[in-house]
Each structure stands twice: as structure tokens, then as C-alpha cells.
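Peer 1: Take a look at final_20.txt, compact mmCIF, C-alpha atoms:
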# COMPACT_ATOMS: atom_id res chain seq x y z
CA MET A 1 148.10 105.02 149.92
CA ARG A 2 144.35 104.33 150.36
CA LEU A 3 143.35 108.03 150.24
CA PRO A 4 144.99 108.88 146.89
CA ALA A 5 143.46 105.74 145.37
CA THR A 6 140.06 106.85 146.59
CA LEU A 7 140.54 110.32 145.12
CA LEU A 8 141.69 108.81 141.81
CA CYS A 9 138.60 106.58 141.71
CA ALA A 10 136.35 109.53 142.47
CA PHE A 11 138.01 111.57 139.71
CA ILE A 12 137.55 108.76 137.15
CA CYS A 13 133.95 108.19 138.21
CA GLY A 14 133.30 111.92 138.02
CA GLN A 15 134.54 112.02 134.45
CA ALA A 16 132.38 109.03 133.54
CA ILE A 17 129.31 110.62 135.10
CA ALA A 18 130.00 113.96 133.42
CA ALA A 19 130.33 112.35 129.98
CA GLU A 20 126.62 112.33 129.23
CA PRO A 21 124.66 113.53 126.21
CA PHE A 22 123.37 117.09 126.14
CA GLY A 23 121.50 119.41 123.80
CA ARG A 24 121.27 123.10 122.99
CA ALA A 25 119.09 125.27 120.76
CA ALA A 26 119.36 128.73 119.22
CA ILE A 27 117.55 130.91 116.68
CA GLU A 28 119.30 132.13 113.54
CA GLY A 29 118.70 135.84 112.97
CA ALA A 30 116.24 136.52 115.79
CA GLU A 31 116.10 140.29 115.16
CA GLY A 32 113.31 141.96 113.21
CA ILE A 33 111.21 138.85 112.51
CA VAL A 34 108.01 139.69 110.64
CA PRO A 35 104.85 137.63 109.96
CA GLY A 36 105.34 135.13 107.16
CA GLN A 37 109.11 134.96 107.63
CA GLN A 38 110.80 131.60 108.13
CA VAL A 39 112.43 131.33 111.56
CA HIS A 40 115.18 128.71 111.75
CA VAL A 41 115.57 127.12 115.20
CA VAL A 42 118.84 125.16 115.24
CA VAL A 43 119.02 122.21 117.66
CA ASP A 44 122.36 120.46 118.39
CA ILE A 45 122.43 117.08 120.12
CA PHE A 46 125.79 115.84 121.52
CA ALA A 47 126.77 112.44 122.89
CA PRO A 48 130.15 111.08 124.13
CA GLU A 49 132.08 108.82 121.74
CA PHE A 50 129.54 108.17 118.95
CA PHE A 51 125.85 107.66 118.26
CA THR A 52 124.47 104.14 117.98
CA SER A 53 121.12 105.49 116.79
CA PRO A 54 120.53 109.03 115.50
CA PRO A 55 118.51 111.58 117.50
CA GLN A 56 114.79 111.57 116.74
CA TYR A 57 113.67 115.18 116.44
CA PRO A 58 109.93 115.39 117.22
CA LEU A 59 107.45 117.74 115.60
CA PHE A 60 105.41 120.05 117.81
CA GLU A 61 102.63 122.59 117.45
CA VAL A 62 102.74 126.34 118.03
CA PRO A 63 99.53 128.42 117.91
CA ALA A 64 99.32 130.75 114.89
CA ALA A 65 102.46 129.26 113.30
CA LEU A 66 103.44 126.50 110.88
CA VAL A 67 106.19 124.16 112.17
CA THR A 68 108.21 121.78 110.00
CA LEU A 69 111.61 120.11 110.06
CA SER A 70 113.99 121.57 107.50
CA ASP A 71 114.60 119.41 104.44
CA ASP A 72 118.31 120.18 104.67
CA ARG A 73 120.57 117.24 105.46
CA ALA A 74 121.59 116.83 109.10
CA GLN A 75 125.02 118.30 109.90
CA ASN A 76 127.63 116.29 111.84
CA LEU A 77 129.55 118.07 114.61
CA VAL A 78 132.56 117.28 116.85
CA GLN A 79 133.32 119.08 120.13
CA THR A 80 135.78 118.42 122.97
CA ILE A 81 134.77 119.35 126.53
CA ALA A 82 137.06 118.61 129.54
CA ASP A 83 139.14 116.24 127.43
CA VAL A 84 136.02 114.30 126.40
CA GLN A 85 135.22 114.20 122.70
CA TYR A 86 131.54 114.50 121.81
CA SER A 87 129.85 113.67 118.53
CA GLY A 88 127.02 115.99 117.53
CA ILE A 89 124.13 116.13 115.05
CA ARG A 90 122.49 119.41 114.05
CA ARG A 91 119.03 119.84 112.56
CA SER A 92 116.79 122.86 112.11
CA TYR A 93 113.12 123.52 112.68
CA VAL A 94 111.41 125.97 110.31
CA ILE A 95 108.71 128.02 112.04
CA VAL A 96 106.56 130.46 110.06
CA PRO A 97 104.56 132.84 112.33
CA GLU A 98 101.30 134.11 110.93
CA LYS A 99 100.89 137.20 113.14
CA THR A 100 102.78 139.54 115.44
CA GLY A 101 103.47 138.84 119.12
CA SER A 102 105.65 136.68 121.35
CA PHE A 103 106.05 133.02 120.43
CA VAL A 104 107.04 130.67 123.25
CA LEU A 105 108.33 127.34 121.98
CA PRO A 106 107.90 124.14 124.00
CA GLU A 107 110.54 121.86 125.47
CA ILE A 108 111.15 118.89 123.18
CA THR A 109 112.11 115.33 124.10
CA VAL A 110 114.75 113.75 121.84
CA ASP A 111 115.34 109.97 121.84
CA LEU A 112 118.85 108.79 120.93
CA GLY A 113 121.37 106.01 121.39
CA TYR A 114 125.10 106.37 122.09
CA SER A 115 128.12 104.34 123.11
CA ALA A 116 129.77 104.49 126.54
CA ASN A 117 132.66 102.22 127.48
CA GLY A 118 131.74 99.82 124.70
CA SER A 119 128.05 99.57 125.68
CA ALA A 120 125.08 100.89 123.70
CA ILE A 121 122.91 103.16 125.85
CA LYS A 122 119.43 104.49 125.10
CA ALA A 123 118.73 107.99 126.39
CA GLN A 124 116.22 110.84 126.30
CA LEU A 125 117.16 114.49 126.26
CA HIS A 126 114.90 117.40 127.18
CA VAL A 127 115.87 120.49 125.20
CA ALA A 128 114.28 123.88 125.90
CA LEU A 129 113.67 125.86 122.71
CA PRO A 130 114.13 129.64 122.75
CA ALA A 131 111.27 132.11 122.39
CA PHE A 132 111.15 134.90 119.82
CA ASP A 133 109.14 138.03 119.06
CA VAL A 134 107.44 138.93 115.80
CA VAL A 135 107.01 142.59 114.90
CA ALA A 136 104.72 144.19 112.37
CA ALA A 137 106.28 144.65 108.95
CA PRO A 138 106.27 148.20 107.56
CA ASP A 139 103.87 148.54 104.65
CA LYS A 140 102.66 145.03 105.33
CA THR A 141 100.29 143.47 102.83
CA ALA A 142 96.92 141.97 103.63
CA ARG A 143 98.45 138.48 103.58
CA PRO A 144 101.92 138.32 105.16
CA PHE A 145 104.57 136.72 102.98
CA ALA A 146 108.27 137.29 103.51
CA ALA A 147 111.13 136.00 101.35
CA ARG A 148 114.37 136.91 99.62
CA ASP A 149 115.10 137.62 95.94
CA LEU A 150 111.51 137.15 94.77
CA THR A 151 110.91 137.34 91.02
CA VAL A 152 107.74 137.03 88.95
CA SER A 153 107.94 136.08 85.26
CA GLN A 154 105.47 135.19 82.55
CA SER A 155 105.46 133.39 79.20
CA PHE A 156 102.98 132.44 76.47
CA ASP A 157 102.86 129.22 74.46
CA ARG A 158 102.25 131.23 71.28
CA SER A 159 102.09 134.85 70.18
CA PRO A 160 98.96 136.40 71.76
CA ALA A 161 98.86 138.96 68.92
CA GLY A 162 98.48 136.34 66.16
CA LEU A 163 95.31 134.46 67.10
CA LYS A 164 92.27 133.58 65.03
CA ALA A 165 88.74 133.14 66.28
CA GLY A 166 88.49 129.82 68.13
CA ASP A 167 92.21 129.73 69.09
CA ALA A 168 93.50 129.48 72.66
CA VAL A 169 96.67 130.89 74.23
CA VAL A 170 98.25 129.69 77.48
CA ARG A 171 99.73 132.24 79.91
CA THR A 172 102.18 130.85 82.50
CA ILE A 173 103.24 132.95 85.50
CA VAL A 174 106.07 131.71 87.76
CA VAL A 175 106.80 133.14 91.23
CA PHE A 176 110.33 132.29 92.45
CA ALA A 177 111.51 133.07 95.98
CA GLU A 178 114.45 132.17 98.18
CA ASN A 179 114.24 131.29 101.86
CA THR A 180 110.69 129.96 101.74
CA GLN A 181 108.66 126.87 100.93
CA ALA A 182 106.48 126.52 97.85
CA MET A 183 103.29 125.87 99.79
CA LEU A 184 103.73 129.21 101.62
CA ILE A 185 103.87 131.30 98.42
CA PRO A 186 100.46 133.03 98.10
CA PRO A 187 98.46 132.68 94.86
CA VAL A 188 98.72 135.24 92.09
CA ASP A 189 95.74 137.50 91.41
CA LEU A 190 95.33 136.81 87.68
CA GLY A 191 92.56 139.34 87.18
CA ARG A 192 89.92 138.99 84.50
CA ALA A 193 90.42 139.32 80.75
CA THR A 194 87.33 140.94 79.23
CA GLY A 195 86.04 139.53 75.94
CA VAL A 196 87.70 136.11 76.10
CA ALA A 197 86.90 132.92 77.98
CA GLN A 198 89.34 132.23 80.83
CA TYR A 199 90.19 128.93 82.53
CA VAL A 200 92.63 128.75 85.46
CA LYS A 201 94.50 125.48 86.00
CA PRO A 202 95.53 124.23 89.48
CA PRO A 203 98.88 125.73 90.58
CA SER A 204 102.12 123.74 90.54
CA LEU A 205 104.36 123.95 93.67
CA THR A 206 108.04 122.98 93.53
CA ASP A 207 110.83 123.18 96.11
CA GLY A 208 114.59 123.02 95.53
CA VAL A 209 114.49 124.92 92.23
CA GLU A 210 117.76 126.36 90.91
CA GLN A 211 117.66 129.68 89.08
CA ARG A 212 120.50 131.80 87.77
CA GLY A 213 120.21 135.51 88.46
CA ILE A 214 121.54 138.27 86.21
CA GLY A 215 125.28 138.51 86.91
CA ARG A 216 124.89 136.33 89.99
CA SER A 217 125.50 132.75 90.97
CA VAL A 218 122.89 130.02 90.95
CA GLU A 219 120.13 130.55 93.52
CA THR A 220 118.04 127.81 95.09
CA GLY A 221 114.47 128.48 96.10
CA SER A 222 110.86 127.49 95.54
CA THR A 223 108.35 128.25 92.81
CA ARG A 224 104.61 128.60 92.43
CA THR A 225 103.43 128.25 88.83
CA GLU A 226 100.03 129.64 87.81
CA THR A 227 98.56 128.77 84.40
CA VAL A 228 95.59 130.43 82.73
CA VAL A 229 94.12 129.63 79.30
CA TYR A 230 92.44 132.37 77.24
CA THR A 231 90.06 131.30 74.44
CA ALA A 232 88.78 133.79 71.86
CA SER A 233 85.52 133.04 70.07
CA ALA A 234 85.30 136.24 68.03
CA GLU A 235 87.66 138.65 66.33
CA GLY A 236 88.81 141.78 68.13
CA SER A 237 91.48 143.23 70.41
CA PHE A 238 91.52 142.16 74.05
CA GLN A 239 93.98 142.38 76.92
CA ALA A 240 95.42 139.95 79.44
CA PRO A 241 95.47 142.09 82.61
CA ALA A 242 98.61 143.28 84.37
CA VAL A 243 99.73 141.41 87.49
CA SER A 244 100.78 143.06 90.77
CA TYR A 245 102.33 140.80 93.44
CA GLN A 246 103.06 142.17 96.92
CA TRP A 247 105.61 140.68 99.33
CA PHE A 248 108.03 141.63 102.12
CA ASP A 249 111.71 141.81 101.19
CA LEU A 250 113.77 140.39 104.08
CA ASP A 251 117.01 141.91 102.75
CA ALA A 252 115.62 145.44 102.41
CA HIS A 253 113.27 144.92 105.40
CA ALA A 254 110.51 146.69 103.52
CA GLY A 255 107.44 145.90 101.49
CA ALA A 256 107.94 145.35 97.76
CA THR A 257 105.78 144.82 94.69
CA ALA A 258 106.64 142.73 91.64
CA THR A 259 104.64 143.57 88.49
CA LEU A 260 103.97 142.09 85.08
CA PRO A 261 102.67 144.28 82.23
CA ALA A 262 99.34 143.75 80.52
CA VAL A 263 99.56 141.89 77.20
CA ASP A 264 97.42 142.58 74.12
CA ILE A 265 95.48 139.66 72.65
CA VAL A 266 94.67 140.27 68.98
CA VAL A 267 92.19 137.89 67.34
CA ALA A 268 91.59 137.86 63.59
CA LYS A 269 88.55 136.50 61.81
CA ALA A 270 88.72 132.78 61.15
CA PRO A 271 89.42 132.01 57.48
CA SER A 272 86.36 130.92 55.51
CA THR A 273 86.36 128.25 52.78
CA GLU A 274 85.53 129.68 49.34
CA ARG A 275 82.85 127.85 47.41
CA ILE A 276 82.97 127.37 43.64
CA ASP A 277 79.53 127.10 42.07
CA PRO A 278 79.27 124.28 39.56
CA LYS A 279 78.54 125.19 35.93
CA PHE A 280 76.24 123.15 33.70
CA ASP A 281 75.87 123.26 29.99
CA PRO A 282 72.30 123.99 28.84
CA PRO A 283 70.49 120.78 28.03
CA GLY A 284 69.67 119.95 24.46
CA GLU A 285 66.23 119.26 23.08
CA ASP A 286 66.46 115.51 23.62
CA GLU A 287 67.96 115.87 27.06
CA GLY A 288 65.10 118.12 28.17
CA ARG A 289 62.57 115.56 26.95
CA ASN A 290 64.13 112.83 29.15
CA ALA A 291 64.82 114.96 32.25
CA TRP A 292 61.59 114.24 34.14
CA PRO A 293 62.49 110.71 35.35
CA VAL A 294 65.81 111.98 36.65
CA VAL A 295 64.10 114.88 38.47
CA LEU A 296 61.56 112.54 40.06
CA LEU A 297 64.26 110.13 41.23
CA SER A 298 66.29 113.02 42.66
CA CYS A 299 63.30 114.34 44.58
CA ALA A 300 62.59 110.86 45.96
CA ALA A 301 66.20 110.54 47.10
CA VAL A 302 66.09 113.94 48.78
CA LEU A 303 62.88 113.06 50.61
CA ALA A 304 64.36 109.74 51.77
CA CYS A 305 67.47 111.50 53.06
CA PHE A 306 65.32 114.07 54.83
CA ALA A 307 63.27 111.35 56.51
CA ALA A 308 66.43 109.55 57.61
CA ILE A 309 67.88 112.75 59.06
CA VAL A 310 64.69 113.47 61.00
CA ALA A 311 64.64 109.94 62.39
CA TRP A 312 68.35 110.09 63.29
CA GLN A 313 67.98 113.48 64.99
CA GLY A 314 65.02 112.22 66.98
CA GLY A 315 67.03 109.21 68.14
CA SER A 316 70.02 111.41 68.94
CA ALA A 317 67.87 113.72 71.04
CA ILE A 318 66.54 110.76 73.00
CA ARG A 319 70.04 109.36 73.49
CA ALA A 320 71.34 112.80 74.53
CA TRP A 321 68.50 113.18 77.04
CA ALA A 322 69.18 109.73 78.48
CA GLU A 323 72.91 110.49 78.72
CA ARG A 324 72.21 113.78 80.52
CA ARG A 325 69.97 111.96 82.98
CA ARG A 326 72.62 109.32 83.59
CA MET A 327 75.42 111.88 84.09
CA SER A 328 73.22 113.99 86.37
CA HIS A 329 72.56 110.95 88.53
CA ARG A 330 76.22 109.93 88.47
CA ASN A 331 77.45 113.46 89.33
CA SER A 332 74.98 114.15 92.11
CA PRO A 333 76.61 115.70 95.20
CA GLN A 334 76.05 112.55 97.24
CA ARG A 335 77.71 110.25 94.69
CA ARG A 336 80.63 112.63 94.09
CA LEU A 337 81.20 112.88 97.85
CA ARG A 338 81.09 109.08 98.15
CA ARG A 339 83.70 108.70 95.37
CA LEU A 340 85.92 111.37 96.98
CA ARG A 341 85.80 109.62 100.35
CA THR A 342 86.67 106.29 98.72
CA VAL A 343 89.74 107.81 97.05
CA ILE A 344 90.84 109.35 100.36
CA ARG A 345 90.51 106.04 102.22
CA VAL A 346 92.19 103.69 99.71
CA GLY A 347 93.82 105.73 96.94
CA PRO A 348 97.45 106.88 96.60
CA GLU A 349 98.22 110.34 97.93
CA PRO A 350 98.71 112.01 94.48
CA ALA A 351 95.28 110.69 93.45
CA ILE A 352 93.77 112.08 96.67
CA TYR A 353 95.19 115.53 95.90
CA ARG A 354 93.94 115.43 92.29
CA ALA A 355 90.47 114.43 93.50
CA LEU A 356 90.49 117.28 96.04
CA GLN A 357 91.58 119.72 93.31
CA ASP A 358 88.63 118.64 91.11
CA TRP A 359 86.28 118.92 94.10
CA SER A 360 87.58 122.41 95.02
CA LEU A 361 87.47 123.72 91.44
CA SER A 362 83.91 122.44 90.95
CA LEU A 363 82.90 124.55 93.96
CA GLY A 364 84.60 127.67 92.59
CA PHE A 365 87.77 127.67 94.70
CA ARG A 366 91.21 128.27 93.20
CA SER A 367 93.05 125.69 95.29
CA VAL A 368 92.58 122.90 97.80
CA SER A 369 93.99 125.12 100.55
CA ASP A 370 91.47 127.90 99.82
CA TRP A 371 88.61 125.39 99.91
CA ALA A 372 89.82 123.80 103.17
CA GLU A 373 90.22 127.20 104.83
CA ALA A 374 86.69 128.22 103.82
CA GLN A 375 85.16 125.16 105.51
CA GLY A 376 86.10 126.40 109.01
CA ASN A 377 86.97 122.84 110.08
CA PRO A 378 90.34 122.60 111.93
CA ARG A 379 90.45 118.81 111.51
CA LEU A 380 90.00 119.10 107.73
CA SER A 381 92.58 121.91 107.46
CA ALA A 382 95.09 119.86 109.46
CA GLN A 383 94.74 116.82 107.20
CA VAL A 384 95.06 118.97 104.04
CA THR A 385 98.24 120.52 105.49
CA ILE A 386 99.66 117.06 106.25
CA LEU A 387 98.81 115.83 102.73
CA GLU A 388 100.52 118.82 101.07
CA ARG A 389 103.53 118.43 103.37
CA ARG A 390 103.90 114.75 102.43
CA LEU A 391 103.56 115.51 98.72
CA PHE A 392 105.68 118.65 98.44
CA ARG A 393 108.17 118.63 101.34
CA SER A 394 108.74 115.65 103.62
CA ARG A 395 106.89 112.57 104.82
CA ASP A 396 107.47 113.21 108.52
CA MET A 397 103.77 113.22 109.45
CA GLN A 398 101.13 110.54 109.01
CA LEU A 399 97.85 111.09 107.21
CA ASP A 400 94.72 109.97 109.09
CA ARG A 401 92.60 108.84 106.13
CA GLY A 402 89.53 108.04 108.25
CA LYS A 403 89.41 111.47 109.90
CA PHE A 404 90.18 113.07 106.55
CA ALA A 405 87.26 111.37 104.75
CA ASP A 406 84.79 111.95 107.61
CA ALA A 407 85.71 115.65 107.82
CA ILE A 408 84.31 116.30 104.31
CA THR A 409 80.54 116.64 104.39
CA LEU A 410 77.93 118.19 102.15
CA ALA A 411 76.88 120.50 104.99
CA ALA A 412 80.42 121.85 105.30
CA THR A 413 80.63 122.17 101.54
CA ASN A 414 77.45 124.22 101.35
CA LYS A 415 78.72 126.40 104.19
CA GLY A 416 81.98 126.98 102.37
CA ARG A 417 80.18 127.74 99.15
CA ALA A 418 78.14 130.44 100.87
CA ARG A 419 81.16 132.00 102.58
CA LYS A 420 83.62 131.98 99.71
CA SER A 421 84.50 135.19 97.96
CA ALA A 422 83.63 135.89 94.36
CA LEU A 423 85.88 133.89 92.06
CA PRO A 424 85.96 133.42 88.29
CA ALA A 425 83.69 130.72 86.90
CA LEU A 426 85.18 127.32 86.22
CA ASN A 427 84.22 127.34 82.54
CA PRO A 428 83.32 130.96 81.74
CA VAL A 429 81.71 131.93 78.48
CA ALA A 430 83.16 134.83 76.58
Taking this structure as input, can you express it in the form of C-alpha cells?
Peer 2:
Amino acid sequence: MRLPATLLCAFICGQAIAAEPFGRAAIEGAEGIVPGQQVHVVVDIFAPEFFTSPPQYPLFEVPAALVTLSDDRAQNLVQTIADVQYSGIRRSYVIVPEKTGSFVLPEITVDLGYSANGSAIKAQLHVALPAFDVVAAPDKTARPFAARDLTVSQSFDRSPAGLKAGDAVVRTIVVFAENTQAMLIPPVDLGRATGVAQYVKPPSLTDGVEQRGIGRSVETGSTRTETVVYTASAEGSFQAPAVSYQWFDLDAHAGATATLPAVDIVVAKAPSTERIDPKFDPPGEDEGRNAWPVVLLSCAAVLACFAAIVAWQGGSAIRAWAERRRMSHRNSPQRRLRRLRTVIRVGPEPAIYRALQDWSLSLGFRSVSDWAEAQGNPRLSAQVTILERRLFRSRDMQLDRGKFADAITLAATNKGRARKSALPALNPVA
């Protein structure tokens, strides 16, 4: 009877040893991946019985690609293997390759806790992630961007054909795309409207936007909103330029172009106020005899007013000069850089981003990302990416405020200013 008992013990121990956590990974839709397309790497973690602490999915870096954890909620799984029931948790990595070639993903280490025979056990799993290839997109654009069901729309806050000199009209252009993240949507080339002043506001990026298509169900995607203000100082007919937006359609697997037509801006002459000349009855003989004192008093009053105006204008000029000197000193590059670094070190993250937007716009860049890219500083670009990720997607990475502040220097700024491409002036004059 001793031998069967030994075999039974070995069988039970074998089952206990086999009931250990494991992981697996796969790529959704690995065929025909093009630059700019989101690649979803699904990772499943299984443990016997149940989890006592959820798996901790680490972030990792891949050269020439952006890696994030999907914002989708984790999915719970159940699987039975050899009469042992396993609980599972599924999460997805989103990887956006920037160029063609083979992308080899690293092995990740996942920390977790699970229950075995009534005891809580801490464990680490090593999960190998699959590799994938990225091929060149046909008719690819200069900047790769791939998505599904992309639409571009525009609106105006008032009729652009009913303006008067001195009026302003706001043009809003919204890019909506499925299967992408807002920060990945490239900026819109707004062109240049001749004859009117043009001011471009910082773009607005939003994820998780619901939009109803024509004859279709509600779609969820991301938007990039561009806003430009046109100001007309003189009468005439002008034109807000047409917009052409290139992208790669993942459903058709071909390049596509979304367009918006040009819009006429008609400005009429500003209405003038009509003056009514006063009429006086001719003075009588007695009135003419007594008019000289009144004339003298009137002339004295006019001279006094003139002297007061001259004195006031002289004082105003001095005050204006002093104010310009004070503002010039306050807005010197060194002081502005010092204020920006202070905001980065101690301010809330939305205030940091607003300060960086003001800094970038003052240097002639359309966005913070364009400015950071022009500096040629990997440390600065990494911190800007982390800041945008925390503001617009998830807070799964930590901002290093000290490195961020130290990475911004006047030398780098001057370098970026020399390298940047020609952009519209911040406050152009018509």
C-alpha cells in the first residue's frame, strides 16, 4: 500500500507545482502595419484561484516608437487548464512606430499577488512580447499618420460675409479620428489669409470624444481643434484659404486627403457718425456791441485747455516711456526664463503647460511639441511628452521637474529659433 500512496502524493504535489501563474502576449492585426498606426499588444496574466494584488504592467521604451498603456479598462478572464481554474487580467500596450522596419519588443517583468491554498503569494512573471514589422504606406505623406474614419470640419462664430472694418471672425477647424490618440494627430496647415490680420490660438486635444456619423452609430475617437482669428482693418473682399489634410486610411489601406473649401471674407466700411452743424441767429446791434468780452473769455478758455492738454500729453509720454522701460526689463529673456523655470518646479501641471505654450508662441512656434522638437534636446522632449501624457491621457509616468526646468536654456532657445521653419507672426499686421 506504500507505493500507491507515494504515487498519489506525487500526483497531488505535481498539480500544486503546476498551478503557477503564467503570462502570454499577442499583437492584434499584425499584418500591413504602417508608420503612424497604433499597434495593440495584448498581454494576459493568469494566476490560480484569484489575485490578491493586480498585475503591475510596466512601461518600456522602443527606439523610434511611442509606447503607452491603453486607457481602456482592464478585462477580467477565466480559464481552466488541467482541472485548475485560473483568473486572468488583460491589458493592452499601444505602440506607434514612426518609421518602417522590424520592431523587437523587450521582455517585461510583471509583479503580482495571488492566492494558493489560502496563502497570499507574491510573484514575478517574465513575459516575452512579440516582434512586428512595419511596411511603407502607399502614397505616404511627409508625416506619417494613420487612423480610421477621419473627418475634418469647420465653423465660424459669425458670418464671414457680413463684417465691418475693425470686426473679427473666429474660424474653428476640428479633426476627428478613430483608433488614435489626440496628441498624435498632426497640426492643420491653416495657410495665410491675405489682407487680414491672423492670430492662431494653441490647439485643443481631447480623447474619448463621441461623434455620430451619417447613418451610422456613435463613434468614439479623438479630436484636435485648431482656432484662428481673422481681423479686418479695412473694407474689401478677402479669403480664408482652403485646407488640405493628408492621412493614411487604415480601412482602405491607402492614402487619403480631407479638404475644406476656401471661405470669402467680405468687409464693409465702418459706419460713420453724421454731424449736424449748429445754427445761430445773427446777432442784433446790441448783442454785437457786447460780444467782445465773451470772445476774449472764450479765447482765454481755449488757451487754458490747450496748455492743459500739452502738459497732460507730456506727462503721458513720460509715463508711457517709463512703463515701456519697466516692461522691457520685466520681459527680458533672462527674467522670462526664470519665471518659466519657477512655474515648472512648483506650479501645477496645467499651469506649466500654459506657460510653455506662451513661451513657444512668443518664439514663433505653433505648439509646445514643435518647440521641444526644434531644440534637439532628448531630455527636454521626453519631459514634454510625459507632461502631455499626464494631462491628456494617463498619469502612469512621473514628471522630473528639476530635469525639465534645467533642460530649458537660452542657448537652446536661440538654437531652436534659428532652426525653426518660417511660421506666421504671433501678432501680424494686416
Peer 1: Excluding Pro35 (chain A) and any residue of its chain fewer than 4 positions from it, enumerate the residues within 8 Å of it, using only C-alpha atoms, and give them as a ChimeraX atom specification.
Peer 2: /A:96-100,134-137,144-146
Peer 1: Please provide the set of residues having any atom within 7 Å of region 47-57 of chain A, restricted to only C-alpha atoms, with same-chain residues fewer than 3 positions apart removed, written as an mmCIF file with C-alpha atoms, keeping the file's coordinate frame.
Peer 2:
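Everything below was put into out-v9.cif:
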data_model
loop_
_atom_site.group_PDB
_atom_site.id
_atom_site.type_symbol
_atom_site.label_atom_id
_atom_site.label_comp_id
_atom_site.auth_asym_id
_atom_site.auth_seq_id
_atom_site.Cartn_x
_atom_site.Cartn_y
_atom_site.Cartn_z
ATOM 1 C CA ALA A 19 130.330 112.350 129.980
ATOM 2 C CA GLU A 20 126.620 112.330 129.230
ATOM 3 C CA PRO A 21 124.660 113.530 126.210
ATOM 4 C CA PHE A 22 123.370 117.090 126.140
ATOM 5 C CA GLN A 85 135.220 114.200 122.700
ATOM 6 C CA TYR A 86 131.540 114.500 121.810
ATOM 7 C CA SER A 87 129.850 113.670 118.530
ATOM 8 C CA GLY A 88 127.020 115.990 117.530
ATOM 9 C CA VAL A 110 114.750 113.750 121.840
ATOM 10 C CA ASP A 111 115.340 109.970 121.840
ATOM 11 C CA LEU A 112 118.850 108.790 120.930
ATOM 12 C CA GLY A 113 121.370 106.010 121.390
ATOM 13 C CA TYR A 114 125.100 106.370 122.090
ATOM 14 C CA SER A 115 128.120 104.340 123.110
ATOM 15 C CA ALA A 116 129.770 104.490 126.540
ATOM 16 C CA ALA A 120 125.080 100.890 123.700
#
Peer 1: With a distance cut-off of 10 Å and all atoms listed in the file, select the neighbouring residues of Ala270 (chain A), excluding the residue or stretch itself and same-chain residues fewer than 2 positions from it, and output the selection as a list in words.
Peer 2: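 After dropping sequence-adjacent residues, the list is Leu163, Lys164, Ala165, Gly166, Asp167, Ser233, Ala234, Glu235, Val267, Ala268, Ser272 and Thr273 of chain A.
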Peer 1: Produce the centre coordinates and the three edge lengths, each in Å to one decimal, of the box along x, y and z that contains all listed atoms of region 263-266 of chain A with 5 Å added on each side, as lines of an AutoDock Vina configuration file.
Peer 2:
center_x = 97.1
center_y = 141.1
center_z = 73.1
size_x = 14.9
size_y = 12.9
size_z = 18.2
Peer 1: Would you list the residues near (94.5, 137.7, 76.3), meaning any protein, DNA or RNA residue with an atom at most 9 Å from that point in file coordinates, counting only C-alpha atoms, as a list of chain:residue names?
Peer 2: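 Output: A:Pro160, A:Ala161, A:Val169, A:Val170, A:Arg171, A:Ala193, A:Thr194, A:Gly195, A:Val196, A:Gln198, A:Val229, A:Tyr230, A:Thr231, A:Ala232, A:Ser237, A:Phe238, A:Gln239, A:Ala240, A:Pro241, A:Ala262, A:Val263, A:Asp264, A:Ile265, A:Val266.
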Peer 1: For a test of reading the model, state the distance in Å between CA of Pro63 (chain A) and CA of Ser102 (chain A), rounded to one decimal.
Peer 2: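 Taking CA of Pro63 (chain A) and CA of Ser102 (chain A), their separation equals 10.8 Å.
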Peer 1: May I ask for the distance between CA of Ala405 (chain A) and CA of Glu61 (chain A), given in Å to one decimal place?
Peer 2: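 One can read the CA of Ala405 (chain A) to CA of Glu61 (chain A) distance as 22.9 Å.
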Peer 1: Which of these residues is nearest to Ser92 (chain A), using all atoms listed in the file: A:Ala74, A:Leu387, A:Ala372, A:Leu340?
Peer 2: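 Answer, going by the shortest atom-to-atom distance: A:Ala74.
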